[in-house]
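Colleague: Quick one: this structure, given as C-alpha cells, is what I'll be asking you about.
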Protein chains: 2
Amino acid sequence: MNDSTSRVTGPVRVVGAGLLGASVGLGLRARGVDVLLADASPANLDLAIDYGAGRADDGTAEPALIVVAVPPDLVSSVVRAELAAHPDAVVTDVASVKVAPLSELQTAGSGHADAATDLSRYVGSHPLAGRERGGPSSGRADLFNGRPWVVCARPENDRASVNLVEALILDLGATPIEMETAAHDAAVALVSHTPQIVSSLMAKRLADSTDAALALAGQGLRDVTRIAGSEPELWVQILGANAPAVVEILHAYRDDLDRVLVALGDVGAAGARRSLAEELAGGNVGVSRLPGKHGQDRRFTQLVVLVDDKPGELGRLFTELGEIGVNLEDLRLEHSPGAQVGLAEISVLPEAVQRTVDELGARGWRIAG
Amino acid sequence: MNDSTSRVTGPVRVVGAGLLGASVGLGLRARGVDVLLADASPANLDLAIDYGAGRADDGTAEPALIVVAVPPDLVSSVVRAELAAHPDAVVTDVASVKVAPLSELQTAGSGHADAATDLSRYVGSHPLAGRERGGPSSGRADLFNGRPWVVCARPENDRASVNLVEALILDLGATPIEMETAAHDAAVALVSHTPQIVSSLMAKRLADSTDAALALAGQGLRDVTRIAGSEPELWVQILGANAPAVVEILHAYRDDLDRVLVALGDVGAAGARRSLAEELAGGNVGVSRLPGKHGQDRRFTQLVVLVDDKPGELGRLFTELGEIGVNLEDLRLEHSPGAQVGLAEISVLPEAVQRTVDELGARGWRIAG
C-alpha cells in the first residue's frame with residue numbers, strides 16, 4: 001500500500017539502521033512505502049523496527065532501490081555486496097565522503113564483469129543533515145526535510161538510476177543537488193571538514209585555561225567552538241576518508257596563519273599591520289559569500305531584551321510579542337556568566353522597532369540595545 | 001539632580017563619544033548623573049549630545065571620575081592628559097587591552113612626579129560588551145547590563161579609586177570582575193582575540209570558493225565564521241596591542257594544526273588516526289569547560305519545528321507555544337539555502353516534549369526532530 005504522493009514504489013531496502021538509515025526508513029514509511037531493514041547488529045535492527053522504520057528483510061521481496069547507510073569505511077564493501085545480491089536494484093549510499101568509496105569500488109571491480117562490478121547501478125549521494133546524537137532512536141521521518149542532498153551521478157550511470165535516487169530524495173522532502181564526485185568531496189572539505197578541525201583546535205586551547213579567563217567568554221567564542229563537541233571517532237573516519245581535500249585547504253589556512261604570526265611577531269615592522277588587515281578583510285569577503293542568512297540579517301533591526309533567568313520568562317516574552325502583533329524575524333539568546341539576566345536579541349522590521357520598544361517597555365521589559 | 005539609586009555622583013567626564021563612550025553617557029544620564037562629553041571630532045560630539053549621552057564639557061564643573069573611551073592606540077596619551085588636567089580625578093579607560101597602555105603610561109611617567117604621572121589615580125577597565133556597529137548613534141543606556149566588566153586594580157591604586165570605578169560599573173548594570181592586568185590580556189587573547197583570527201582565516205578560505213560548494217554550508221560553518229564579519233581596522237589595533245599574548249596561543253594552535261596535517265598526510269601510518277582522535281577529543285574537553293550554556297543545554301530536549309519562510313510564521317509559533325503553555329528554554333533558527341522552510345530548534349524540558357509535539361502537531365506544525 002503506497003501513499004499516492006510517493007514517487008518511489010517499494011520495497012526499498014535500507015542497510016544500516018543508525019540515525020540516517022532509520023530516518024530514511026521512517027520517512028518512507030510515513031509515505032506508505034514498504035521498507036526492508038538490515039543491520040549488522042540485531043539489537044540495532046530490532047530497535048529501528050520498534051521505532052517504525054521498516055520491517056526485517058526476510059528475502060521474499062526484491063527491492064528496486066537500496067540505501068546503504070553504514071560508516072564511511074564500510075561503504076564500498078557493503079555496496080559491492082548489495083550490487084551482487086540484487087542484480088536489478090539501484091544502490092545509493094549516504095556517506096559524507098564520496099571519492100574514496102567509489103575508488104575502492106572501481107579498484108575491486110577492475111578486470112571482472114559481474115553483478116558486483118556493475119557500477120552503472122551505483123549512484124553515491126550525501127544528505128546534508130544530521131543531529132548531534134546517533135543511533136536508530138534519534139531517527140526522524142523529517143530529518144531531511146528542507147535539506148540539500150547531493151547526488152554524485154557519473155557518466156556511466158543510466159538516467160533511470162539517477163532519477164530513482166532523486167525520487168527518493170524528493171520523497172524525503174530534501175532538495176537533490178547533482179555534483180561531480182570530486183567536487184562534492186572538495187566542497188564538504190571546505191564547508192564541513194576544515195571548519196570542524198579549526199573549531200576543535202580552538203576549543204582545545206581552552207582545556208588548560210583558568211576559570212577566570214573562561215568567565216570572560218562571549219558569544220563569539222561559543223559560536224566558533226560549538227561544533228568542537230562532535231564525536232571524535234566518527235570524525236576520524238570522515239577526515240581520514242577525505243584527507244587529500246582537507247589537507248589542501250588546511251595548508252592554505254596554515255599559510256595565512258603563518259602570515260598572521262609573522263605580523264604579530266613584530267607589529268611595528270613595515271607592512272605588518274597591513275598584512276594583518278588583509279587577512280581580516282579576506283575573512284570579511286569569505287563570510288559575506290555564504291548564502292542565506294549569516295550573522296545578522298541586514299533587512300531587520302536587532303533589539304536586545306533583558307530576560308530574567310527564571311522559568312517561563314522567555315515564553316512570556318514570545319507570548320507578549322505575539323499579543324503586540326510583532327513579527328519576530330530572528331532571535332539569538334545569550335546568557336552572560338554569573339548574570340541574573342539573559343539577553344534575547346530579536347530581529348524585527350525597521351518600521352516595527354518603535355512600537356516594539358514602546359509596547360515591551362509598557363509591559364515592563366528592559367531593552368538593552 | 002542625581003537619581004537616588006546611583007552610586008556615582010556627577011559630574012562624570014567621558015572622553016570619546018563612540019559606541020562605548022556614548023553608552024556610558026546614556027547609562028549615567030538615565031540615572032540622572034551629570035555627564036560631560038568630549039570628543040576629538042566635533043561632529044561625533046554633537047551627535048552624542050543629540051542622542052542624550054551628556055552635555056559638552058565647558059570646563060566649569062570638575063569631574064571626580066573620567067572615563068576614557070578612545071581607540072586602543074590613543075589610550076595612554078589621553079589618560080595622561082586627563083590625569084594632568086584633572087589632578088583630583090580618578091581616570092579609567094574601557095579599551096579591550098590593558099598591558100600596553102599601562103606600560104606606555106609607566107614609561108612616559110618614569111623620572112617625573114607630577115599630576116600626569118600619578119598612576120595611583122588610573123584604574124584600567126574593560127567591559128565585555130559591544131555591538132557589530134560603532135559610533136554614538138549605536139550607543140545604548142543598557143549596553144553593559146548583565147555583562148562582565150573587568151577592573152585591573154593594581155597595588156598602587158588606593159581602594160577609593162577602585163571603588164569609584166566599580167560604582168560606575170554597578171550603576172551601568174554590569175558585574176565588576178577584578179583581574180591582574182597581564183591576566184586580563186592573556187584571558188582576552190584566549191577567549192576573544194585568537195577566536196577572531198581562527199574565524200577570519202577560516203572565512204578567508206571561502207572567498208575563492210564556488211557557489212555550488214557554498215550552497216552546502218550548514219550551521220556549523222556559519223557559527224565558526226560569524227565573527228569573521230568584524231571590522232579589520234579596529235581588530236588590527238586590538239591584535240597589535242595584545243600581540244605577545246595572542247602569539248603564544250597561536251603558536252600552540254599551529255603546533256596542533258601541524259599534528260593534524262601530519263596525520264592527514266598519511267592516514268594509514270601508525271598512530272595517525274589516534275593522533276587525530278586526540279586533537280578532536282581535546283576540543284571536546286575545551287568546549288565542555290565553557291561556563292553557562294554552550295551548544296545545546298543537556299538539561300533540555302531539542303525539537304526542530306519546520307517554519308514556512310513567510311512573514312509572521314515564527315511569531316505565530318511563539319504565540320502558539322505560549323498558548324500551549326510550554327516554557328521555551330532556548331531557541332536556534334536555521335534557514336537551509338534554497339529551502340522554502342526554516343528550521344526552529346526549540347529547547348523544552350524533557351517532560352514537556354510529548355505535549356509540545358502533540359499540541360504543535362494538532363495545530364498543523366511539522367516537527368523534524
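Here, A, B, ... name the chains of the C-alpha cells in the order displayed, residue numbers run from 1 inside each chain, and ligands are numbered from 1 in the same displayed order.
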With all C-alpha atoms matched in order and chain B superposed on chain A by least squares, what's the RMSD to one decimal?
Modeller: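 It comes to 0.2 Å after superposition.
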Colleague: Determine which residues of stretch 84-162 of chain A DSSP labels as alpha helix (DSSP H) from the backbone of this structure, then write them out as an MDAnalysis selection string.
Modeller: chainID A and resid 84:85 99:109 159:162
Colleague: Those selected residues, please, written with C-alpha atoms and delivered as a PDB file, in the first residue's frame.
Modeller:
ATOM      1  CA  ALA A  84      25.948  -8.667  -6.206  1.00  0.00           C
ATOM      2  CA  ALA A  85      22.942  -9.853  -4.192  1.00  0.00           C
ATOM      3  CA  VAL A  99      35.668   9.752  -3.707  1.00  0.00           C
ATOM      4  CA  ALA A 100      37.277   7.059  -1.520  1.00  0.00           C
ATOM      5  CA  PRO A 101      34.348   4.568  -1.554  1.00  0.00           C
ATOM      6  CA  LEU A 102      33.928   4.953  -5.336  1.00  0.00           C
ATOM      7  CA  SER A 103      37.613   4.439  -5.993  1.00  0.00           C
ATOM      8  CA  GLU A 104      37.584   1.343  -3.757  1.00  0.00           C
ATOM      9  CA  LEU A 105      34.617   0.014  -5.745  1.00  0.00           C
ATOM     10  CA  GLN A 106      36.374   0.697  -9.035  1.00  0.00           C
ATOM     11  CA  THR A 107      39.583  -0.985  -7.885  1.00  0.00           C
ATOM     12  CA  ALA A 108      37.725  -4.034  -6.578  1.00  0.00           C
ATOM     13  CA  GLY A 109      35.784  -4.326  -9.827  1.00  0.00           C
ATOM     14  CA  ARG A 159      19.443   8.233 -16.196  1.00  0.00           C
ATOM     15  CA  ALA A 160      16.768   5.941 -14.749  1.00  0.00           C
ATOM     16  CA  SER A 161      19.068   5.015 -11.852  1.00  0.00           C
ATOM     17  CA  VAL A 162      19.787   8.655 -11.067  1.00  0.00           C
TER      18      VAL A 162
END
Colleague: List the spatial neighbours of B:Gly286 as a count of residues only - criterion: any atom at most 12 Å away, only C-alpha atoms, same-chain residues fewer than 5 positions off excluded.
Modeller: 29
Colleague: Can you work out which one of B:Arg140, B:His112, B:His126, B:Arg363 has the shortest atom-to-atom distance to chain A, counting only C-alpha atoms?
Modeller: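 Ranked by minimum distance to chain A, first place goes to B:Arg140.
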Colleague: Kindly give the distance, in Å, that separates atom CA of A:Ala167 and atom CA of A:Ala95, rounded to a single decimal.
Modeller: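 Between atom CA of A:Ala167 and atom CA of A:Ala95 the gap works out to 18.3 Å.
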Colleague: Between A:Leu290, A:Ile346, A:Val75, A:Ala30, which has the minimum distance to A:Lys98 (counting only C-alpha atoms)?
Modeller: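 Among A:Leu290, A:Ile346, A:Val75, A:Ala30, it is A:Val75 that comes nearest to A:Lys98.
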Colleague: Name the residues in contact with stretch 87-90 of chain A at a cut-off of 10 Å, using only C-alpha atoms, excluding same-chain residues fewer than 3 positions from it; report them as a list in words.
Modeller: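 Residues near the query, excluding close chain neighbours: Val12, Arg13, Glu62, Pro63, Ala64, Leu65, Ile66, Val67, Glu82, Leu83, Ala84, Asp114, Ala115, Ala116, Asp118, Leu119, Ser120, Arg121, Tyr122, Val123, Asn157, Ala160, Ser161, Val162, Leu164 and Val165 of chain A.
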Colleague: Using only C-alpha atoms, can you tell me which of B:Gly325, B:Gly18, B:Gly361, B:Gly220 comes closest to B:Ser137?
Modeller: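 Among B:Gly325, B:Gly18, B:Gly361, B:Gly220, it is B:Gly18 that comes nearest to B:Ser137.
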Colleague: Could you list, as a PyMOL selection string, every residue within 6 Å of A:Gly27, counting only C-alpha atoms and ignoring same-chain residues fewer than 4 positions away?
Modeller: chain A and resi 23+141+172
Colleague: So which residues of stretch 9-119 of chain A fall under strand (DSSP E or B) by DSSP, listed as an NGL selection string?
Modeller: :A and (12-15 or 35-38 or 55-56 or 65-68 or 90-93)
Colleague: Measure the distance from atom CA of B:Gly52 to atom CA of B:Gly10 in Å and round it to one decimal.
Modeller: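 Calculated distance between atom CA of B:Gly52 and atom CA of B:Gly10 is 15.7 Å.
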